[in-house]
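So the structure is just underneath, and the comments pick up after that.
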There are 2 protein chains.
Amino acid sequence: MDKILRINVGAQGGPGFSEEPLGDYAGLGGRAMTSTIVSTEVPPLCHPLGADNKLVIAPGMLSGSAAVMSGRMSVGCKSPLTGGIKESNSGGQGAQVLARLGYAAIILEGRPADDTLYKVLINKDGVQIVPDNSLKLLGNYDTVEKLKAEYGDSIACITIGPAGERKMSAATIAFTDMELRPTRHAGRGGVGAVMGSKCVKAIVLDDEGLEKRTPENIEKFKAANKLFTEGLRKHPVCGEGLPAYGTNVLTNVVSEAGGYPTNNFSTGSFDGASKISGETQAETEIARGGLATHGCHKGCVIRCSGIYNDKDGNFLTKQPEYETVWAHGGNCGIDDLDAIAKMDRMDDDFGVDTIEMGATIGVMMEAGYAQFGDAEAAINLVKEVGKGSDLGRILGNGAAVTGKVFGVERVPVVKGQALPAYDPRAVQGIGVTYATSPMGGDHTAGYAVATNLLGVGGSVDPLKGEGQIELSRNLQIATAAIDSTGMCLFIAFAILDQPETFQALVDILGGFYDQNMTADDVTALGKSVLTKERDFNKKAGFTSQHDRLPEFFKNEKLAPHNVTFSVTDEELDEVFNW
Amino acid sequence: MDKILRINVGAQGGPGFSEEPLGDYAGLGGRAMTSTIVSTEVPPLCHPLGADNKLVIAPGMLSGSAAVMSGRMSVGCKSPLTGGIKESNSGGQGAQVLARLGYAAIILEGRPADDTLYKVLINKDGVQIVPDNSLKLLGNYDTVEKLKAEYGDSIACITIGPAGERKMSAATIAFTDMELRPTRHAGRGGVGAVMGSKCVKAIVLDDEGLEKRTPENIEKFKAANKLFTEGLRKHPVCGEGLPAYGTNVLTNVVSEAGGYPTNNFSTGSFDGASKISGETQAETEIARGGLATHGCHKGCVIRCSGIYNDKDGNFLTKQPEYETVWAHGGNCGIDDLDAIAKMDRMDDDFGVDTIEMGATIGVMMEAGYAQFGDAEAAINLVKEVGKGSDLGRILGNGAAVTGKVFGVERVPVVKGQALPAYDPRAVQGIGVTYATSPMGGDHTAGYAVATNLLGVGGSVDPLKGEGQIELSRNLQIATAAIDSTGMCLFIAFAILDQPETFQALVDILGGFYDQNMTADDVTALGKSVLTKERDFNKKAGFTSQHDRLPEFFKNEKLAPHNVTFSVTDEELDEVFNW
């Protein structure tokens with residue numbers, strides 16, 4: 001992982017590439033890599049779909065090694081959705097394979113001469129860039145099938161669906177999983193539209209003949225990796241809840257806590273929660289011959305995913321995540337798991353963010369376009385996105401644009417990005433993260449839900465403002481660091497609760513690079529990433545006024561606790577006070 | 001004009017109203033009134049379509065008096081289009097009538113309980129607010145016909161079309177002209193959507209039985225008004241060019257100067273210019289029994305408007321303005337005056353901004369949705385707005401939203417508002433105004449074209465950066481003051497060139513209020529208005545990064561002069577340096 005692959009799609013005579021040493025980017029990985037490259041090379045006021053924006057795809061610092069859980073891939077650019085910097089990360093096989101191929105980053109840059117679509121093949125023999133208009137407007141599933149037929153079964157694919165080609169600002173980039181299905185997505189912020197603007201449909205990775213990355217200090221690394229694995233296995237969330245029921249274990253928990261945004265953030269608990277809960281989902285999956293416990297990439301020991309089959313026992317989609325189930329479920333008043341799974345499959349196939357899509361459908365229901373609870377109407381709306389109809393183009397650009405087009409006031413977005421599955425009035429720590437993260441409304445950027453609702457990493461009353469700033473700050477810093485390592489964020493539950501597991505993570509890093517690393521180094525890394533991101537956003541025109549929730553979270557009380565968001569603006573401005 | 005009418009559309013039991021003395025708002029008028037009320041009473045981060053936004057309708061300081069040219073009405077709010085403060089002003093009869101009714105401002109505020117549509121009648125007997133769902137989704141023309149049938153011919157109407165009801169962010173508010181037609185519009189910034197969000201379809205004004213406002217110092221006022229009128233009549237632009245050919249006199253001038261944005265700002269002169277020029281337009285109007293010289297309100301001595309009949313001699317629309325002819329004409333490669341007039345009529349009827357609509361069609365053509373020059377396709381796109389189809393809703397929300405929905409990079413907007421009919425690369429002074437005006441892309445905010453191209457108020461080379469900052473600054477200050485007086489901006493040509501005409505304007509104000517006024521007072525007024533507006537925008541999240549043109553004006557050379565916009569960012573940040 002000692003080089004960068006730079007693909008200039010605007011080169012004379014068609015896309016060209018060059019390889020370069022890491023230079024100033026040495027030692028970086030994942031989010032630290034993407035945010036550093038974007039903040040260094042992309043003019044903050046450029047058009048997200050223009051020649052000056054760049055798409056950076058970077059495996060984490062530990063990706064491609066034997067470290068468990070190290071399969072996250074970061075994707076960075078100026079976001080077409082928020083207008084700010086974006087790092088969106090994904091599971092799947094891509095990060096491990098790209099890292100073994102030796103690339104610390106792929107950078108797509110420039111402006112294509114025409115609308116010819118390209119695929120990129122990277123294997124031990126080098127890089128090929130091939131025009132292939134036969135892929136035009138194919139869904140991710142069909143795209144991957146064609147690539148498999150051509151390149152065999154041992155590849156990993158990075159693709160965009162029709163949403164990305166159409167440059168919709170909710171478009172994702174799909175990464176194939178262990179079954180070579182395009183089920184894992186860098187979902188948020190419209191990164192797929194930037195890939196689409198570069199006219200790159202697919203990047204095919206093949207690491208045949210290449211080895212795992214080897215640590216500098218093998219003994220230290222191995223010992224730490226073992227301890228780390230044990231720590232994950234013994235933690236109740238990482239070792240029990242997530243494997244058994246997946247992320248969707250949260251549906252009952254959050255709804256019972258009154259923080260489950262229902263009917264476009266109108267109430268805080270959902271009558272139909274048990275019908276779409278992780279427990280019901282796991283039962284359904286097992287009964288239909290699917291899987292309730294499954295990993296999204298090799299080396300995962302949590303295995304929070306699963307396989308969701310239809311009523312006839314045929315594969316429909318990977319196990320929909322909690323946020324997806326919420327977005328297409330309770331947020332739209334829908335309590336039908338099969339309908340939700342169908343939408344998850346379509347979202348993955350078209351290449352759109354499930355959270356943004358669900359929030360957008362909620363806005364359409366708020367606009368009176370369909371009734372809350374109408375699953376058929378919701379499915380039809382998602383279909384429009386696939387068709388690329390006028391309506392579909394609106395929806396595919398997310399909740400903020402949809403709200404503007406249909407004149408809706410109650411639109412749950414921050415910096416133009418839809419809020420996920422936790423109401424900030426009843427989970428106030430996550431409200432601080434939504435408001436202030438450089439990413440826009442994003443739960444993964446500083447998952448205060450853990451401490452507010454799950455008692456992980458301490459306990460902070462979810463209904464009050466007290467303590468939320470510090471909580472969100474610390475989590476945002478830790479997250480920026482974890483997102484740089486390539487580690488799955490779900491390790492956070494264990495490292496927050498178990499000091500020895502956190503130390504094991506530090507030692508994995510220290511062992512891999514044979515450096516003396518401490519917790520302070522991790523904090524420093526996280527802060528430096530956030531500082532770069534905030535700096536980019538400032539130059540792109542963001543101010544503290546953009547670090548705010550929509551006013552209805554301050555004006556409308558949320559049942560059942562009848563609370564409003566009570567963290568003050570002055571407090572929000574203290575989050576990044578280092 | 002000693003009171004404010006405050007209509008709370010969210011009052012218990014339906015909209016209610018109250019009248020109040022001017023208090024802190026005493027002495028203000030027009031833009032000074034609207035921007036002061038908005039910056040005082042509207043939370044900068046509120047949703048433009050929500051309960052906290054207010055729509056302020058205010059005649060100018062001199063409106064309703066015998067001062068010539070004093071018929072401008074200002075409309076203010078937080079803009080749904082830009083997200084910043086907005087003052088959009090209009091001719092027509094409304095300002096004179098409202099001022100004579102004694103109101104210095106109407107404020108619509110609150111959130112309606114349901115979607116019942118209301119009309120407001122204001123006459124010498126007081127105020128009535130009446131529900132009238134029979135007006136729903138009527139065009140402005142049909143709406144006014146119904147109001148005439150009900151209230152007679154001596155009224156003035158303030159109405160919204162279906163675009164306003166649908167809360168489209170390019171929606172206008174229409175003001176009737178001397179023929180009681182809804183042809184004059186507060187066009188920019190989506191003020192019609194805010195009126196629509198308050199569920200007020202029409203305000204009917206009847207000043208029967210009421211007198212002109214009388215000056216405090218009649219002799220001084222009369223003498224100054226006479227001198228002022230003479231000054232306007234003797235100036236070549238105000239006394240000859242505008243009366244003979246209307247604002248459209250500019251088509252040939254700007255195209256020949258290479259500053260006429262053609263085919264979505266791709267080149268700077270238009271082959272078809274002479275076919276849609278003011279000269280051709282006037283000839284056509286006269287040949288068809290229309291009028292080439294006509295005022296939009298009583299008391300106008302410039303009379304830059306006209307009556308445009310169709311081929312059969314029947315009224316089609318008022319004489320389309322230069323910016324309208326450009327927007328639907330050269331900007332879309334269209335050189336067919338009748339097609340342009342048809343779109344002007346539809347825009348007026350649906351209640352959408354002609355500039356924003358034309359720019360939006362240009363963006364659709366850029367997206368490949370239609371060919372540049374295809375008048376029929378352009379007409380069909382405008383029709384969609386009237387229908388309120390999904391596509392129409394996109395278009396009715398303007399160029400920025402349309403660009404986002406269709407993934408277009410070259411979108412000519414600043415602060416979300418479309419740039420008008422002068423290319424900032426070949427008329428660099430207007431580029432400074434576009435970039436920095438608190439209103440977003442707006443030529444009227446500081447019309448540097450006068451000095452750059454017409455030699456009015458001195459001479460500054462249009463193709464170079466030198467001198468443009470000072471030019472735009474001085475014009476923005478003067479304009480903010482003129483927009484507060486109720487005077488039509490076209491007096492600016494004469495007062496810039498003729499010191500005695502400027503002095504006459506100062507004396508009209510001084511005579512009306514019997515105060516010693518000087519040029520310094522006018523400057524101070526303008527600065528104070530701009531400062532309030534900039535302050536509102538800052539609190540709404542605007543920074544110097546928002547005072548920038550889209551990057552393609554810096555990167556793409558404009559033929560025939562092959563120039564880019566050369567005023568630097570640092571210079572732009574000096575515009576408001578008092």
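By order in the structure tokens, chains are A, B, ...; within a chain, residues start at 1; ligands start at 1, following the order shown.
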
Task: Neighbour list for segment 553-559 of chain A as a ChimeraX atom specification, cut-off 9 Å, only C-alpha atoms, skip fewer than 2 positions in-chain - done: /A:258-259,265-269,412,423-426,549-551,561-566

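Residues from chain A found within 7 Å of chain B are Cys46, His47, Leu49, Gly50, Arg166, Lys167, Met168, Asp390, Leu391, Arg393, Ile394, Asn397, Val405, Phe406, Gly407, Glu409, Lys539, Ala540, Gly541, Thr543, Gln545, His546 and Glu551 of chain A, counting only C-alpha atoms.
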
- [ ] Name the residues in contact with segment 240-244 of chain A at a cut-off of 7 Å, using only C-alpha atoms, excluding same-chain residues fewer than 6 positions from it; report them as a ChimeraX atom specification.
- [x] /A:292-293,302-304

TODO: Per DSSP on the backbone, filter segment 362-504 of chain A down to the residues in strand (DSSP E) and report them as a VMD selection string.
DONE: chain A and resid 413 to 414 417 to 418

Residue selection dump (N, CA and C atoms) as a compact mmCIF listing (two decimals), in the first residue's frame:
```
# COMPACT_ATOMS: atom_id res chain seq x y z
N VAL A 413 -33.23 17.72 7.61
CA VAL A 413 -31.87 17.69 7.04
C VAL A 413 -30.97 18.65 7.81
N VAL A 414 -29.68 18.35 7.80
CA VAL A 414 -28.67 19.31 8.22
C VAL A 414 -27.62 19.37 7.12
N GLN A 417 -28.29 17.14 4.15
CA GLN A 417 -28.27 15.67 4.25
C GLN A 417 -29.30 15.21 5.28
N ALA A 418 -30.06 14.20 4.91
CA ALA A 418 -31.17 13.73 5.76
C ALA A 418 -30.68 13.16 7.08
```

TODO: Excluding Val432 of chain A and any residue of its chain fewer than 2 positions from it, enumerate the residues within 8 Å of it, using only C-alpha atoms, and give them as a list in words.
DONE: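 Here the answer would be Pro424, Gln428, Gly429, Ile430, Tyr434, Ala435, Thr436, Gln468, Ile469, Ser472, Val567 and Leu572 of chain A.
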
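For the choices A:Ser305, A:Gln93, A:Thr40, A:Asn248, the atom-to-atom distance to Leu205 of chain A is smallest for A:Gln93 when using only C-alpha atoms.
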
- [ ] Give me the residues within 9 Å of Ala492 of chain B as a ChimeraX atom specification, counting only C-alpha atoms and dropping any in the same chain fewer than 4 places off.
- [x] /B:238,478-479,482,488,496-497,502

Task: All residues 12 Å or closer to Arg345 of chain B, only C-alpha atoms, same chain fewer than 6 positions away omitted, as number ranges by chain - done: B: 139-141, 181-185, 307-310, 315-321, 324-325, 328, 338-339, 351-354, 379, 382-383, 386

Open item on the list: Taking 6 positions as the minimum chain separation for residues in the same chain, which residues sit within 8 Å of Arg72 of chain B when counting only C-alpha atoms? Answer as JSON, numbers by chain.
Closed with: {"B": [30, 59, 60, 63, 89, 90, 91, 92, 95, 483, 486, 487, 488]}
